[in-house]
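Each remark here refers to the structure printed beneath this line.
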Amino acid sequence: MKKQLITTKDGSKTIHFPEWNESYHSQHGAIKEALHVYIQSGLEFRIKDAFPPHLSILEMGFGTGLNAYLSYKFSKTYNLDLRYTGIEKYPIQEEMLKQLNYVPPEDQGFFNALHHSTWEQFNQISSLFKLKKLNLDLDVFQTQDKYDVIYFDAFGPRVQPHLWHKTILQNMYDILNPHGVWVTYCCKGSVRRDLLEIGFQVEKITGPPGKREMLRAIKIL
Ligand SMILES: C[S@@+](CC[C@H](N)C(=O)[O-])C[C@H]1O[C@@H](n2cnc3c(N)ncnc32)[C@H](O)[C@@H]1O
């Protein structure tokens with residue numbers, strides 16, 4: 001499928017699929033969306049009451065590495081030790097990566113290391129940041145590992161409905177630790193109802209620029 005690099009409203013770039021009219025990020029601001037949905041509403045929310053020394057994050061799908069990079073920046077500010085796992089079926093090609101404009105020159109080495117690190121195993125990318133990228137389909141993802149925060153950043157249910165199926169959401173619930181947080185930009189009613197039926201405590205919260213609401217789901221037990 002044809003891919004184009006476009007500039008979003010905050011000046012950061014994203015990848016757009018004209019045939020789907022779908023992008024990796026919001027056209028109202030890729031970095032603004034990532035900070036609002038995943039870092040503030042997911043990671044920061046998870047540590048606000050209890051500050052664990054180690055935290056395990058799962059991202060579906062890893063894509064440009066923007067969420068991983070912003071999580072690393074956050075971990076440095078709070079001296080938080082992160083284990084980050086990213087699932088990605090279609091890794092981004094090098095020529096596309098080179099055109100992304102997410103990081104200042106001093107962080108370019110870290111950003112490159114995210115993308116060039118070996119797949120399927122943990123790599124220590126910096127003193128506080130371990131990364132494991134899994135080159136697989138979310139549909140077949142199974143693990144004994146547990147996570148504290150899940151960034152659910154699949155393409156929307158309009159174009160990839162199977163990735164929002166209740167069996168996948170149930171798997172997400174099963175692999176969260178108690179007090180774990182699942183967060184997404186999406187606010188679809190059927191997704192919210194499935195999350196509630198699975199046993200999550202679900203909140204509709206203010207969305208990023210251009211989006212009124214988004215979903216956050218918490219595993220209480
Ligand atoms: C909305 S984009 C988000 C990307 C990423 N979080 C970022 O910030 O760049 C969705 C991502 O899911 C990946 N993806 C799509 N279908 C997938 C599947 N079945 N299994 C795993 N990854 C998939 C895409 O290649 C893409 O990188």
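Residue numbers start at 1 in each chain; chains themselves are named A, B, ... in the order of the structure tokens; ligands are numbered from 1 in the order shown.
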
Picked from range 3-217 of chain A by DSSP as alpha helix (DSSP H), as a ChimeraX atom specification: /A:30-34,45-47,66-78,94-97,108-116,166-174,189-198

May I have a table of the residues of chain A lying at most 6 Å from ligand 1, giving each one's closest pair of atoms and their distance in Å to one decimal, counting only C-alpha atoms and all ligand atoms, ordered by chain and ascending residue number, as a tab-separated table?
residue	atom	partner	partner_atom_place_in_ligand_line	distance
A:Tyr24	CA	ligand 1	1 (C)	3.9
A:His25	CA	ligand 1	1 (C)	6.0
A:Gly61	CA	ligand 1	12 (O)	3.8
A:Phe62	CA	ligand 1	5 (C)	4.7
A:Gly63	CA	ligand 1	27 (O)	3.3
A:Thr64	CA	ligand 1	9 (O)	3.6
A:Gly65	CA	ligand 1	9 (O)	5.4
A:Leu66	CA	ligand 1	8 (O)	4.8
A:Asn67	CA	ligand 1	8 (O)	5.3
A:Ile87	CA	ligand 1	21 (C)	5.5
A:Glu88	CA	ligand 1	22 (N)	4.0
A:Lys89	CA	ligand 1	21 (C)	4.0
A:Tyr90	CA	ligand 1	25 (O)	4.4
A:Leu136	CA	ligand 1	21 (C)	5.8
A:Asp137	CA	ligand 1	20 (N)	3.5
A:Leu138	CA	ligand 1	20 (N)	4.0
A:Asp153	CA	ligand 1	3 (C)	5.0
A:Ala154	CA	ligand 1	10 (C)	4.2
A:Phe155	CA	ligand 1	1 (C)	4.2

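When only C-alpha atoms are used to measure the gap to Leu70 in chain A, the shortest distance among A:Pro157, A:Gly199, A:Gly180, A:Gly42 belongs to A:Gly42.
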
Coordinates-based distance that separates CA of Ile39 in chain A from CA of Phe74 in chain A (Å, one decimal): 7.7 Å

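Here CA of Lys76 in chain A stands at a distance of 21.6 Å from CA of Val183 in chain A.
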